[in-house]
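Asks: Mind having a look at this structure? Questions to follow.
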Amino acid sequence: FLTGKTAVVTGSNSGIGLGVARQLARAGANLVLNSFTDRDEDHALADRLAAEHGVSARYIKADMSRPDECRALVEQAGQCDILVNNAGIQFVSPIPDFPVEKWDAIIAINLSSAFHTTAAALPDMRKAGWGRVVNIASAHGLTASPFKSAYVAAKHGIVGLTKVTALETAQEPITCNAICPGYVLTPLVEAQIPDTMKEYGMSREEVIKKVMLERQPSKEFATVEEMGDTAVFLCSQAAAQITGTTISVDGGWTAL
Ligand code: NAD
């Protein structure tokens, strides 16, 4: 049902972004994939998704830590009916030791990039008379954990941005919502395991069961396909009046 629509998914050569892009393509959407690299395999990934799903797909390099490149991504896409703000990084450290450049990078990539892409995309959506903005926030957009100051601040920020975007488009056929995943086993989560092992003095298994899934009552990682299917739902007619809210896909984390 998304045939003819174009979805721009930031940070989509891996993890949740790729999972969301794939499910949108399954529903018929053309894709613009993105990350900050420009490797043959990035472009090959777009070609593969296009062939698998019979849609058109392009990869555009743009660094989401740079405001001009965020805006250029949407401009180069040519059409942006569905904007998925997914690019994100993580860094774990107590506040006094938290490196300033890591704080700045996380705020830029996980929060400010969504402001810039949304600013660039809304005029296109208004011209087209339809639009969907889906922000990939986190359970950490609604709750907190120690040692994740920048990430938790950015994710709470993106939930706020989601509400403002929804209010500014409330009387138009445009919606903006945030998906709040719990733990999904992606490269981003994988990369946190060594630091968390050090922080808590635990083995890998203990970190997964006692730290990561400790707060996820389902005791299962959520999947990138589930994030993608939630994004597809938010693009459907059934979700036309769902705007300015969060959907938790977190195995019960935020119910605790
Ligand atoms: P990931 O590391 O697999 O993917 C992150 C993506 O962002 C990659 O494609 C990466 O290339 C891209 N990216 C990083 N820096 C970028 C930059 N400067 N410019 C453009 N792209 C950049 O991680 P993931 O787990 O798939 O995370 C995706 C999103 O989901 C993030 O916003 C993350 O905070 C959020 N999230 C993840 C989890 C989880 O458990 N994995 C939970 C909640 C929220």
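The way I read the labels, and the way they are meant: chains A, B, ... in the order of the structure tokens, residue 1 as the first residue of every chain, and ligand 1 as the first ligand shown, with later ones counted on from there.
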Mind dumping a table of every chain A residue within 7 Å of ligand 1, with the nearest atom pair and its distance in Å to one decimal, using only C-alpha atoms and all ligand atoms, sorted by chain and rising number, as a tab-separated table?

Replies:
```
residue	atom	partner	partner_atom_place_in_ligand_line	distance
A:Thr10	CA	ligand 1	21 (N)	6.0
A:Gly11	CA	ligand 1	7 (O)	3.5
A:Ser12	CA	ligand 1	9 (O)	4.4
A:Asn13	CA	ligand 1	9 (O)	4.3
A:Ser14	CA	ligand 1	9 (O)	4.3
A:Gly15	CA	ligand 1	26 (O)	3.4
A:Ile16	CA	ligand 1	26 (O)	3.7
A:Gly17	CA	ligand 1	26 (O)	5.6
A:Asn34	CA	ligand 1	21 (N)	6.4
A:Ser35	CA	ligand 1	21 (N)	3.7
A:Phe36	CA	ligand 1	20 (C)	4.4
A:Ala62	CA	ligand 1	20 (C)	5.9
A:Asp63	CA	ligand 1	19 (N)	3.7
A:Met64	CA	ligand 1	19 (N)	3.7
A:Ser65	CA	ligand 1	18 (N)	4.7
A:Asn86	CA	ligand 1	32 (O)	4.5
A:Ala87	CA	ligand 1	7 (O)	3.7
A:Gly88	CA	ligand 1	32 (O)	3.6
A:Ile89	CA	ligand 1	14 (C)	5.6
A:Gln90	CA	ligand 1	34 (O)	6.8
A:Ile109	CA	ligand 1	18 (N)	5.7
A:Asn110	CA	ligand 1	32 (O)	5.9
A:Ile136	CA	ligand 1	32 (O)	5.6
A:Ala137	CA	ligand 1	44 (C)	5.6
A:Ser138	CA	ligand 1	43 (C)	3.9
A:Ala139	CA	ligand 1	43 (C)	6.1
A:Cys180	CA	ligand 1	43 (C)	6.2
A:Pro181	CA	ligand 1	43 (C)	4.3
A:Gly182	CA	ligand 1	42 (C)	4.9
A:Tyr183	CA	ligand 1	40 (O)	3.4
A:Val184	CA	ligand 1	40 (O)	3.6
A:Leu185	CA	ligand 1	41 (N)	5.5
A:Thr186	CA	ligand 1	25 (O)	4.7
A:Pro187	CA	ligand 1	3 (O)	4.3
A:Leu188	CA	ligand 1	2 (O)	3.8
A:Val189	CA	ligand 1	41 (N)	5.1
```

Asks: Might you pull out every residue within 6 Å of Val224 in chain A, with only C-alpha atoms counted and same-chain residues fewer than 2 positions away left off, and present them as a PyMOL selection string?

Replies: chain A and resi 16+19+226-227

Asks: May I have the selected residues written with C-alpha atoms, as a compact mmCIF listing (two decimals), in the first residue's frame?

Replies:
```txt
# COMPACT_ATOMS: atom_id res chain seq x y z
CA ILE A 16 17.06 -1.12 12.99
CA GLY A 19 15.11 -3.52 9.20
CA GLU A 226 9.18 -5.73 14.66
CA MET A 227 10.47 -2.15 14.48
```

Asks: Which residues are close to range 54-57 of chain A, i.e. within 8 Å by only C-alpha atoms, leaving aside same-chain residues fewer than 3 positions away? Reply as a ChimeraX atom specification.

Replies: /A:25,28-33,46-47,49-51

Asks: Hey, what's within 12 Å of Glu172 in chain A if we count only C-alpha atoms and toss same-chain stuff fewer than 2 positions away? As a list in words, please?

Replies: Leu122, Pro123, Met125, Arg126, Lys127, Ala128, Gly129, Trp130, Gly131, Arg132, Thr165, Ala166, Leu167, Glu168, Thr169, Ala170, Ile174, Thr175, Cys176, Ala240, Gln241 and Thr243 of chain A

Asks: Which of range 63-131 of chain A counts as strand (DSSP E or B) under DSSP, as a CSV table (one decimal) with N, CA and C atoms, in the first residue's frame please?

Replies:
```
chain,number,residue,atom,x,y,z
A,82,ILE,N,7.9,9.6,3.4
A,82,ILE,CA,8.1,9.0,4.7
A,82,ILE,C,9.5,9.3,5.1
A,83,LEU,N,9.7,9.9,6.3
A,83,LEU,CA,11.0,10.2,6.8
A,83,LEU,C,11.2,9.4,8.1
A,84,VAL,N,12.2,8.6,8.1
A,84,VAL,CA,12.5,7.8,9.4
A,84,VAL,C,13.8,8.3,9.9
A,85,ASN,N,13.7,9.0,11.0
A,85,ASN,CA,14.9,9.4,11.7
A,85,ASN,C,15.4,8.4,12.6
A,131,GLY,N,2.2,12.8,4.4
A,131,GLY,CA,3.5,12.6,5.0
A,131,GLY,C,3.5,11.8,6.3
```

Asks: Which of these residues is nearest to Asp97 in chain A, using only C-alpha atoms: A:Asn135, A:Ser149, A:Gln237, A:Gln79?

Replies: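 Of all the options, A:Ser149 lies closest to Asp97 in chain A.
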
Asks: Would you mind telling me which residue in A:Arg66, A:Lys209, A:Arg48, A:His43 lies nearest to Ser113 in chain A when using only C-alpha atoms?

Replies: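 Of A:Arg66, A:Lys209, A:Arg48, A:His43, the one nearest Ser113 in chain A, counting only C-alpha atoms, is A:Arg66.
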
Asks: Residues of range 101-180 of chain A in alpha helix (DSSP H) according to DSSP, as a VMD selection string?

Replies: chain A and resid 101 to 107 113 to 128 149 to 168

Asks: Which polymer residues have any atom within 8 Å of an atom of Gly251 in chain A, counting only C-alpha atoms, with same-chain residues fewer than 3 positions away left out, as a list of chain:residue names?

Replies: A:Gly182, A:Gln216, A:Pro217, A:Ser218, A:Lys219, A:Glu220, A:Phe221, A:Ala222

Asks: Could you tell me how far CA of Ala153 in chain A lies from CA of Gln23 in chain A, in Å and to one decimal?

Replies: 28.7 Å

Asks: Considering only C-alpha atoms, state which residue in the set A:Leu213, A:Val74, A:Val249, A:Ala255 is at the smallest distance from Asp229 in chain A.

Replies: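 Among the listed residues, A:Val249 lies closest to Asp229 in chain A.
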
Asks: Just give me the gap between CA of Ile247 in chain A and CA of Ile60 in chain A in Å, one decimal is fine.

Replies: 28.3 Å

Asks: Quick one: pull the distance between CA of Thr246 in chain A and CA of His116 in chain A, Å, one decimal.

Replies: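 Atom-to-atom, CA of Thr246 in chain A and CA of His116 in chain A are spaced 20.4 Å apart.
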
Asks: Could you check which of A:Lys148, A:Glu206, A:Ala178, A:Asp81 is closest to Pro99 in chain A, using only C-alpha atoms?

Replies: A:Lys148

Asks: Counting only C-alpha atoms, what is within 9 Å of Phe147 in chain A, bar same-chain residues fewer than 6 positions away, as a list of chain:residue names?

Replies: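 My list of contacting residues is A:Phe91, A:Val92, A:Ser93, A:Pro94, A:Ile95, A:Phe98.
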
Asks: Go ahead and write the residues just picked, C-alpha atoms, as a short mmCIF file (atom, residue, chain, number, x, y, z; two decimals), in the first residue's frame.

Replies:
```
data_model
loop_
_atom_site.label_atom_id
_atom_site.label_comp_id
_atom_site.auth_asym_id
_atom_site.auth_seq_id
_atom_site.Cartn_x
_atom_site.Cartn_y
_atom_site.Cartn_z
CA PHE A 91 28.49 6.10 24.50
CA VAL A 92 28.55 4.89 28.10
CA SER A 93 30.37 6.79 30.86
CA PRO A 94 29.73 8.42 34.24
CA ILE A 95 28.91 12.13 33.82
CA PHE A 98 31.85 11.82 29.80
#
```

Asks: Applying 10 Å and only C-alpha atoms, which residues near Ala144 in chain A remain after dropping the ones on its own chain fewer than 6 positions away? List them as a count of residues only.

Replies: 5
